[in-house]
$ cat entry.txt   # compact mmCIF, N, CA and C atoms
# COMPACT_ATOMS: atom_id res chain seq x y z
N MET B 21 183.12 88.73 55.55
CA MET B 21 182.97 89.07 56.93
C MET B 21 182.10 90.33 57.11
N LYS B 22 182.32 91.33 56.24
CA LYS B 22 181.52 92.55 56.30
C LYS B 22 180.05 92.24 56.01
N ALA B 23 179.83 91.35 55.06
CA ALA B 23 178.46 91.00 54.68
C ALA B 23 177.73 90.37 55.87
N ALA B 24 178.40 89.51 56.61
CA ALA B 24 177.79 88.87 57.78
C ALA B 24 177.44 89.91 58.84
N ALA B 25 178.32 90.88 59.04
CA ALA B 25 178.06 91.93 60.02
C ALA B 25 176.87 92.79 59.60
N ILE B 26 176.78 93.09 58.31
CA ILE B 26 175.66 93.89 57.81
C ILE B 26 174.35 93.13 57.96
N VAL B 27 174.34 91.85 57.63
CA VAL B 27 173.14 91.03 57.77
C VAL B 27 172.72 90.97 59.24
N ALA B 28 173.68 90.81 60.14
CA ALA B 28 173.37 90.77 61.58
C ALA B 28 172.79 92.10 62.04
N LEU B 29 173.34 93.20 61.58
CA LEU B 29 172.84 94.52 61.95
C LEU B 29 171.42 94.72 61.44
N ILE B 30 171.16 94.34 60.21
CA ILE B 30 169.81 94.46 59.65
C ILE B 30 168.84 93.60 60.46
N GLY B 31 169.24 92.41 60.84
CA GLY B 31 168.40 91.53 61.65
C GLY B 31 168.05 92.16 62.97
N CYS B 32 169.00 92.84 63.59
CA CYS B 32 168.74 93.52 64.86
C CYS B 32 167.77 94.67 64.67
N LEU B 33 167.91 95.40 63.61
CA LEU B 33 167.04 96.53 63.35
C LEU B 33 165.61 96.09 63.07
N VAL B 34 165.46 94.96 62.41
CA VAL B 34 164.13 94.45 62.07
C VAL B 34 163.39 93.99 63.32
N THR B 35 164.10 93.45 64.31
CA THR B 35 163.44 92.90 65.48
C THR B 35 163.17 93.93 66.57
N VAL B 36 163.63 95.16 66.41
CA VAL B 36 163.38 96.20 67.40
C VAL B 36 161.89 96.56 67.37
N THR B 37 161.28 96.62 68.54
CA THR B 37 159.88 96.96 68.63
C THR B 37 159.74 98.46 68.83
N ASP B 38 159.14 99.14 67.87
CA ASP B 38 158.91 100.56 68.00
C ASP B 38 157.64 100.79 68.80
N SER B 39 157.69 101.78 69.64
CA SER B 39 156.54 102.11 70.45
C SER B 39 155.49 102.78 69.57
N LYS B 40 154.27 102.30 69.66
CA LYS B 40 153.17 102.94 68.93
C LYS B 40 152.18 103.41 69.98
N ILE B 41 151.89 104.67 69.95
CA ILE B 41 150.89 105.24 70.84
C ILE B 41 149.72 105.66 69.97
N TYR B 42 148.61 104.96 70.14
CA TYR B 42 147.43 105.22 69.33
C TYR B 42 146.70 106.47 69.81
N THR B 43 145.94 107.06 68.91
CA THR B 43 145.01 108.11 69.32
C THR B 43 143.73 107.42 69.79
N ARG B 44 142.95 108.14 70.54
CA ARG B 44 141.69 107.58 71.05
C ARG B 44 140.77 107.17 69.90
N CYS B 45 140.70 107.98 68.87
CA CYS B 45 139.80 107.68 67.75
C CYS B 45 140.25 106.45 66.97
N LYS B 46 141.54 106.35 66.69
CA LYS B 46 142.06 105.18 65.96
C LYS B 46 141.83 103.91 66.78
N LEU B 47 142.08 103.99 68.07
CA LEU B 47 141.88 102.83 68.94
C LEU B 47 140.41 102.43 69.00
N ALA B 48 139.53 103.42 69.02
CA ALA B 48 138.09 103.13 69.02
C ALA B 48 137.70 102.35 67.77
N LYS B 49 138.25 102.72 66.63
CA LYS B 49 137.96 101.99 65.38
C LYS B 49 138.46 100.55 65.47
N ILE B 50 139.68 100.38 65.95
CA ILE B 50 140.26 99.04 66.07
C ILE B 50 139.44 98.19 67.03
N PHE B 51 139.10 98.75 68.18
CA PHE B 51 138.32 98.01 69.18
C PHE B 51 136.93 97.67 68.66
N ALA B 52 136.30 98.59 67.95
CA ALA B 52 134.96 98.33 67.41
C ALA B 52 135.01 97.20 66.38
N ARG B 53 136.00 97.23 65.49
CA ARG B 53 136.15 96.17 64.49
C ARG B 53 136.42 94.81 65.14
N ALA B 54 137.07 94.83 66.30
CA ALA B 54 137.41 93.59 67.00
C ALA B 54 136.25 93.08 67.87
N GLY B 55 135.15 93.79 67.86
CA GLY B 55 133.97 93.33 68.60
C GLY B 55 133.99 93.64 70.08
N LEU B 56 134.74 94.65 70.50
CA LEU B 56 134.79 94.98 71.93
C LEU B 56 133.59 95.80 72.40
N ASP B 57 132.92 96.52 71.49
CA ASP B 57 131.78 97.33 71.91
C ASP B 57 130.66 96.43 72.42
N ASN B 58 130.34 96.58 73.67
CA ASN B 58 129.33 95.78 74.39
C ASN B 58 129.75 94.33 74.61
N TYR B 59 131.03 94.02 74.46
CA TYR B 59 131.50 92.67 74.77
C TYR B 59 131.36 92.43 76.27
N GLN B 60 130.65 91.38 76.62
CA GLN B 60 130.35 91.03 78.02
C GLN B 60 129.74 92.21 78.78
N GLY B 61 129.01 93.07 78.04
CA GLY B 61 128.30 94.18 78.67
C GLY B 61 129.12 95.45 78.85
N PHE B 62 130.35 95.47 78.37
CA PHE B 62 131.21 96.65 78.53
C PHE B 62 131.23 97.46 77.24
N SER B 63 130.97 98.75 77.37
CA SER B 63 130.90 99.63 76.20
C SER B 63 132.28 99.90 75.61
N LEU B 64 132.27 100.40 74.41
CA LEU B 64 133.51 100.80 73.76
C LEU B 64 134.24 101.83 74.62
N GLY B 65 133.47 102.72 75.22
CA GLY B 65 134.05 103.73 76.12
C GLY B 65 134.78 103.11 77.30
N ASN B 66 134.21 102.03 77.86
CA ASN B 66 134.87 101.33 78.97
C ASN B 66 136.24 100.82 78.54
N TRP B 67 136.30 100.21 77.36
CA TRP B 67 137.56 99.66 76.86
C TRP B 67 138.58 100.75 76.57
N ILE B 68 138.13 101.85 75.96
CA ILE B 68 139.02 102.96 75.64
C ILE B 68 139.57 103.57 76.92
N CYS B 69 138.71 103.78 77.88
CA CYS B 69 139.11 104.36 79.16
C CYS B 69 140.12 103.45 79.87
N MET B 70 139.84 102.16 79.90
CA MET B 70 140.75 101.22 80.55
C MET B 70 142.11 101.22 79.88
N ALA B 71 142.16 101.21 78.54
CA ALA B 71 143.43 101.22 77.82
C ALA B 71 144.21 102.50 78.10
N TYR B 72 143.50 103.60 78.23
CA TYR B 72 144.18 104.87 78.52
C TYR B 72 144.83 104.83 79.90
N TYR B 73 144.07 104.41 80.90
CA TYR B 73 144.60 104.42 82.26
C TYR B 73 145.64 103.33 82.50
N GLU B 74 145.58 102.25 81.75
CA GLU B 74 146.58 101.19 81.91
C GLU B 74 147.89 101.52 81.21
N SER B 75 147.82 102.08 79.99
CA SER B 75 149.04 102.24 79.19
C SER B 75 149.18 103.58 78.49
N ARG B 76 148.20 104.44 78.63
CA ARG B 76 148.18 105.69 77.86
C ARG B 76 148.19 105.40 76.37
N TYR B 77 147.54 104.29 75.98
CA TYR B 77 147.41 103.83 74.58
C TYR B 77 148.75 103.42 73.97
N ASN B 78 149.72 103.09 74.80
CA ASN B 78 151.06 102.71 74.34
C ASN B 78 151.14 101.19 74.18
N THR B 79 151.39 100.74 72.97
CA THR B 79 151.42 99.29 72.69
C THR B 79 152.60 98.59 73.34
N THR B 80 153.67 99.29 73.63
CA THR B 80 154.86 98.64 74.19
C THR B 80 155.03 98.87 75.68
N ALA B 81 154.00 99.38 76.34
CA ALA B 81 154.09 99.63 77.78
C ALA B 81 154.39 98.34 78.54
N GLN B 82 155.31 98.41 79.48
CA GLN B 82 155.65 97.29 80.35
C GLN B 82 155.83 97.83 81.76
N THR B 83 155.23 97.14 82.72
CA THR B 83 155.32 97.58 84.10
C THR B 83 155.71 96.40 84.98
N ALA B 84 156.82 96.55 85.71
CA ALA B 84 157.23 95.50 86.65
C ALA B 84 156.32 95.54 87.87
N VAL B 85 155.91 94.35 88.30
CA VAL B 85 155.01 94.22 89.45
C VAL B 85 155.82 93.68 90.63
N ASP B 86 155.39 94.00 91.84
CA ASP B 86 156.12 93.60 93.05
C ASP B 86 156.38 92.10 93.15
N ASP B 87 155.49 91.28 92.60
CA ASP B 87 155.66 89.83 92.70
C ASP B 87 156.66 89.26 91.70
N GLY B 88 157.29 90.13 90.90
CA GLY B 88 158.28 89.70 89.92
C GLY B 88 157.72 89.50 88.52
N SER B 89 156.42 89.57 88.37
CA SER B 89 155.80 89.45 87.05
C SER B 89 155.84 90.81 86.36
N ILE B 90 155.42 90.82 85.11
CA ILE B 90 155.40 92.06 84.32
C ILE B 90 154.04 92.19 83.65
N ASP B 91 153.51 93.41 83.63
CA ASP B 91 152.29 93.71 82.89
C ASP B 91 152.70 94.23 81.51
N TYR B 92 152.04 93.71 80.46
CA TYR B 92 152.45 93.98 79.09
C TYR B 92 151.37 94.64 78.25
N GLY B 93 151.79 95.60 77.44
CA GLY B 93 150.98 96.11 76.35
C GLY B 93 149.92 97.11 76.71
N ILE B 94 149.07 97.34 75.75
CA ILE B 94 148.06 98.38 75.85
C ILE B 94 147.05 98.11 76.97
N PHE B 95 146.83 96.82 77.29
CA PHE B 95 145.92 96.46 78.38
C PHE B 95 146.67 96.09 79.66
N GLN B 96 148.00 96.10 79.63
CA GLN B 96 148.82 95.73 80.79
C GLN B 96 148.43 94.35 81.32
N ILE B 97 148.54 93.37 80.46
CA ILE B 97 148.20 91.98 80.78
C ILE B 97 149.37 91.33 81.50
N ASN B 98 149.08 90.68 82.62
CA ASN B 98 150.12 90.16 83.51
C ASN B 98 150.74 88.87 83.02
N SER B 99 152.06 88.80 83.14
CA SER B 99 152.82 87.65 82.65
C SER B 99 152.63 86.40 83.50
N TYR B 100 152.36 86.54 84.76
CA TYR B 100 152.26 85.35 85.61
C TYR B 100 151.06 84.49 85.24
N THR B 101 149.93 85.13 84.98
CA THR B 101 148.70 84.38 84.74
C THR B 101 148.35 84.24 83.27
N TRP B 102 148.58 85.27 82.47
CA TRP B 102 147.95 85.31 81.15
C TRP B 102 148.84 85.09 79.95
N CYS B 103 150.15 85.32 80.05
CA CYS B 103 151.01 85.13 78.88
C CYS B 103 152.30 84.43 79.25
N ARG B 104 153.03 83.99 78.24
CA ARG B 104 154.27 83.24 78.44
C ARG B 104 155.47 84.16 78.29
N ASP B 105 156.22 84.28 79.39
CA ASP B 105 157.46 85.04 79.37
C ASP B 105 158.59 84.03 79.46
N ALA B 106 159.64 84.31 80.14
CA ALA B 106 160.78 83.40 80.22
C ALA B 106 160.71 82.44 81.40
N LYS B 107 159.75 82.64 82.28
CA LYS B 107 159.68 81.83 83.50
C LYS B 107 158.78 80.61 83.30
N LEU B 108 159.14 79.51 83.93
CA LEU B 108 158.39 78.26 83.75
C LEU B 108 157.11 78.19 84.59
N GLN B 109 157.04 78.93 85.68
CA GLN B 109 155.89 78.81 86.56
C GLN B 109 154.65 79.58 86.08
N GLU B 110 154.76 80.24 84.94
CA GLU B 110 153.65 81.03 84.45
C GLU B 110 152.51 80.14 83.95
N LYS B 111 151.29 80.63 84.11
CA LYS B 111 150.10 79.85 83.76
C LYS B 111 149.73 79.98 82.28
N ASN B 112 149.96 81.13 81.68
CA ASN B 112 149.73 81.37 80.25
C ASN B 112 148.31 80.98 79.80
N HIS B 113 147.31 81.47 80.50
CA HIS B 113 145.92 81.15 80.16
C HIS B 113 145.51 81.64 78.77
N CYS B 114 146.18 82.66 78.24
CA CYS B 114 145.85 83.15 76.90
C CYS B 114 146.61 82.41 75.80
N HIS B 115 147.51 81.52 76.18
CA HIS B 115 148.29 80.73 75.21
C HIS B 115 148.98 81.64 74.20
N VAL B 116 149.69 82.64 74.72
CA VAL B 116 150.37 83.61 73.87
C VAL B 116 151.67 84.04 74.54
N ALA B 117 152.66 84.35 73.73
CA ALA B 117 153.90 84.91 74.26
C ALA B 117 153.65 86.35 74.69
N CYS B 118 154.23 86.74 75.80
CA CYS B 118 154.06 88.12 76.27
C CYS B 118 154.54 89.12 75.22
N SER B 119 155.55 88.75 74.46
CA SER B 119 156.08 89.65 73.42
C SER B 119 155.02 89.95 72.36
N ALA B 120 154.05 89.08 72.17
CA ALA B 120 152.98 89.32 71.19
C ALA B 120 152.01 90.40 71.68
N LEU B 121 152.07 90.72 72.96
CA LEU B 121 151.16 91.72 73.53
C LEU B 121 151.73 93.13 73.47
N ILE B 122 152.95 93.27 72.96
CA ILE B 122 153.58 94.60 72.90
C ILE B 122 153.95 94.97 71.46
N THR B 123 153.12 94.56 70.53
CA THR B 123 153.31 94.92 69.13
C THR B 123 152.21 95.88 68.69
N ASP B 124 152.39 96.47 67.52
CA ASP B 124 151.37 97.38 66.98
C ASP B 124 150.11 96.63 66.55
N ASP B 125 150.25 95.35 66.26
CA ASP B 125 149.10 94.50 65.92
C ASP B 125 148.44 94.10 67.23
N LEU B 126 147.26 94.61 67.48
CA LEU B 126 146.59 94.41 68.77
C LEU B 126 145.76 93.14 68.84
N THR B 127 145.81 92.31 67.81
CA THR B 127 144.97 91.11 67.75
C THR B 127 145.13 90.23 68.98
N ASP B 128 146.35 89.83 69.31
CA ASP B 128 146.57 88.94 70.45
C ASP B 128 146.18 89.60 71.77
N ALA B 129 146.47 90.89 71.90
CA ALA B 129 146.12 91.61 73.13
C ALA B 129 144.60 91.67 73.30
N ILE B 130 143.88 91.89 72.21
CA ILE B 130 142.42 91.96 72.28
C ILE B 130 141.82 90.59 72.60
N ILE B 131 142.32 89.56 71.95
CA ILE B 131 141.83 88.20 72.23
C ILE B 131 142.05 87.85 73.70
N CYS B 132 143.23 88.17 74.21
CA CYS B 132 143.54 87.88 75.60
C CYS B 132 142.67 88.71 76.55
N ALA B 133 142.48 89.99 76.24
CA ALA B 133 141.64 90.85 77.08
C ALA B 133 140.21 90.32 77.12
N LYS B 134 139.70 89.86 75.99
CA LYS B 134 138.36 89.27 75.96
C LYS B 134 138.29 88.04 76.87
N LYS B 135 139.32 87.22 76.83
CA LYS B 135 139.37 86.02 77.66
C LYS B 135 139.38 86.40 79.15
N ILE B 136 140.16 87.42 79.48
CA ILE B 136 140.24 87.87 80.87
C ILE B 136 138.87 88.34 81.35
N VAL B 137 138.21 89.17 80.55
CA VAL B 137 136.89 89.70 80.93
C VAL B 137 135.87 88.57 81.06
N LYS B 138 135.94 87.61 80.17
CA LYS B 138 134.98 86.51 80.18
C LYS B 138 135.21 85.55 81.34
N GLU B 139 136.48 85.31 81.70
CA GLU B 139 136.80 84.29 82.70
C GLU B 139 137.03 84.81 84.11
N THR B 140 137.04 86.13 84.27
CA THR B 140 137.21 86.69 85.62
C THR B 140 135.98 87.52 85.96
N GLN B 141 136.15 88.47 86.84
CA GLN B 141 135.03 89.33 87.22
C GLN B 141 134.92 90.54 86.30
N GLY B 142 134.92 90.29 85.02
CA GLY B 142 134.80 91.38 84.06
C GLY B 142 136.00 92.29 84.08
N MET B 143 135.77 93.58 84.08
CA MET B 143 136.87 94.54 84.06
C MET B 143 137.46 94.77 85.45
N ASP B 144 136.93 94.11 86.46
CA ASP B 144 137.51 94.24 87.79
C ASP B 144 138.94 93.72 87.84
N TYR B 145 139.34 92.89 86.87
CA TYR B 145 140.73 92.44 86.79
C TYR B 145 141.68 93.63 86.76
N TRP B 146 141.28 94.65 86.02
CA TRP B 146 142.12 95.83 85.90
C TRP B 146 141.87 96.78 87.04
$ encode --input "entry.txt" --output "structure tokens"
Amino acid sequence: MKAAAIVALIGCLVTVTDSKIYTRCKLAKIFARAGLDNYQGFSLGNWICMAYYESRYNTTAQTAVDDGSIDYGIFQINSYTWCRDAKLQEKNHCHVACSALITDDLTDAIICAKKIVKETQGMDYW
């Protein structure tokens, strides 16, 4: 019985998402490697500035919106249109779980942000 409790506790600890707040320089390196510099005409500086004002470079940032949706992650990507949360009416245009947008691995968030910029009016989405 004790072993089961210990295993359950370890499982809970492993699934906890720690907040990672990047520095501007580290984020610039990650964004550059991901091909964001001059993506759809937006400079690396544009992306860094947007991430700062949306989340203060915090990977686990979440903001409740008046319409009941939630903005997730470093880019504050909205759950109603772009990712899959618990609600069925969501559009999930990025084909990603919202929980994938609040991890230290920015791959899914960057892919989704690129899709948003390409399919909307650029950075005017933000």
$ closest_residue --input "entry.txt" --among "B:Arg76, B:Lys40, B:Tyr100, B:Cys132" --to "B:Cys114" --atoms "all atoms listed in the file"
B:Cys132
$ residues_around --input "entry.txt" --residues "stretch 64-66 of chain B" --least-positions-apart "6" --cutoff "7 Å" --atoms "all atoms listed in the file" --output "list in words"
Ala48, Phe51, Ala52, Leu56, Asp57 and Asn58 of chain B
$ write_last_selection --input "entry.txt" --atoms "N, CA and C atoms" --output "compact mmCIF listing (two decimals), in the frame of the given file"
# COMPACT_ATOMS: atom_id res chain seq x y z
N ALA B 48 139.53 103.42 69.02
CA ALA B 48 138.09 103.13 69.02
C ALA B 48 137.70 102.35 67.77
N PHE B 51 139.10 98.75 68.18
CA PHE B 51 138.32 98.01 69.18
C PHE B 51 136.93 97.67 68.66
N ALA B 52 136.30 98.59 67.95
CA ALA B 52 134.96 98.33 67.41
C ALA B 52 135.01 97.20 66.38
N LEU B 56 134.74 94.65 70.50
CA LEU B 56 134.79 94.98 71.93
C LEU B 56 133.59 95.80 72.40
N ASP B 57 132.92 96.52 71.49
CA ASP B 57 131.78 97.33 71.91
C ASP B 57 130.66 96.43 72.42
N ASN B 58 130.34 96.58 73.67
CA ASN B 58 129.33 95.78 74.39
C ASN B 58 129.75 94.33 74.61
$ closest_atom_pairs --input "entry.txt" --of "stretch 36-58 of chain B" --to "stretch 77-95 of chain B" --cutoff "7 Å" --atoms "only N, CA and C atoms" --output "tab-separated table"
residue	atom	partner	partner_atom	distance
B:Asp38	C	B:Thr80	N	6.4
B:Ser39	CA	B:Thr80	N	5.1
B:Lys40	C	B:Thr79	N	4.1
B:Ile41	CA	B:Tyr77	C	4.2
B:Tyr42	N	B:Tyr77	C	4.1
B:Thr43	N	B:Tyr77	CA	6.7
$ residues_around --input "entry.txt" --residues "B:Ala54" --least-positions-apart "5" --cutoff "9 Å" --atoms "only C-alpha atoms" --output "PyMOL selection string"
chain B and resi 49+127+130-131
$ atom_distance --input "entry.txt" --atom1 "atom CA of B:Ala120" --atom2 "atom CA of B:Ala133"
12.9 Å
$ atom_distance --input "entry.txt" --atom1 "atom CA of B:Asp125" --atom2 "atom CA of B:Ser99"
18.5 Å
$ select_by_dssp --input "entry.txt" --residues "chain B" --states "strand (DSSP E or B)" --output "list in words"
Ile41, Tyr59, Phe62, Asn78, Gln82, Thr83, Ala84, Ile90, Asp91, Tyr92, Ile97, Asn98, Arg104 and Ala117 of chain B
$ atom_distance --input "entry.txt" --atom1 "atom CA of B:Met143" --atom2 "atom CA of B:Thr101"
15.6 Å
$ closest_residue --input "entry.txt" --among "B:Asp144, B:Ser63, B:Ala129, B:Lys111" --to "B:Ile97" --atoms "all atoms listed in the file"
B:Ala129
$ axis_aligned_box --input "entry.txt" --around "stretch 62-66 of chain B" --padding-each-side "8 Å" --output "AutoDock Vina command-line options"
--center_x 133.3 --center_y 99.6 --center_z 76.4 --size_x 21.9 --size_y 24.3 --size_z 21.2
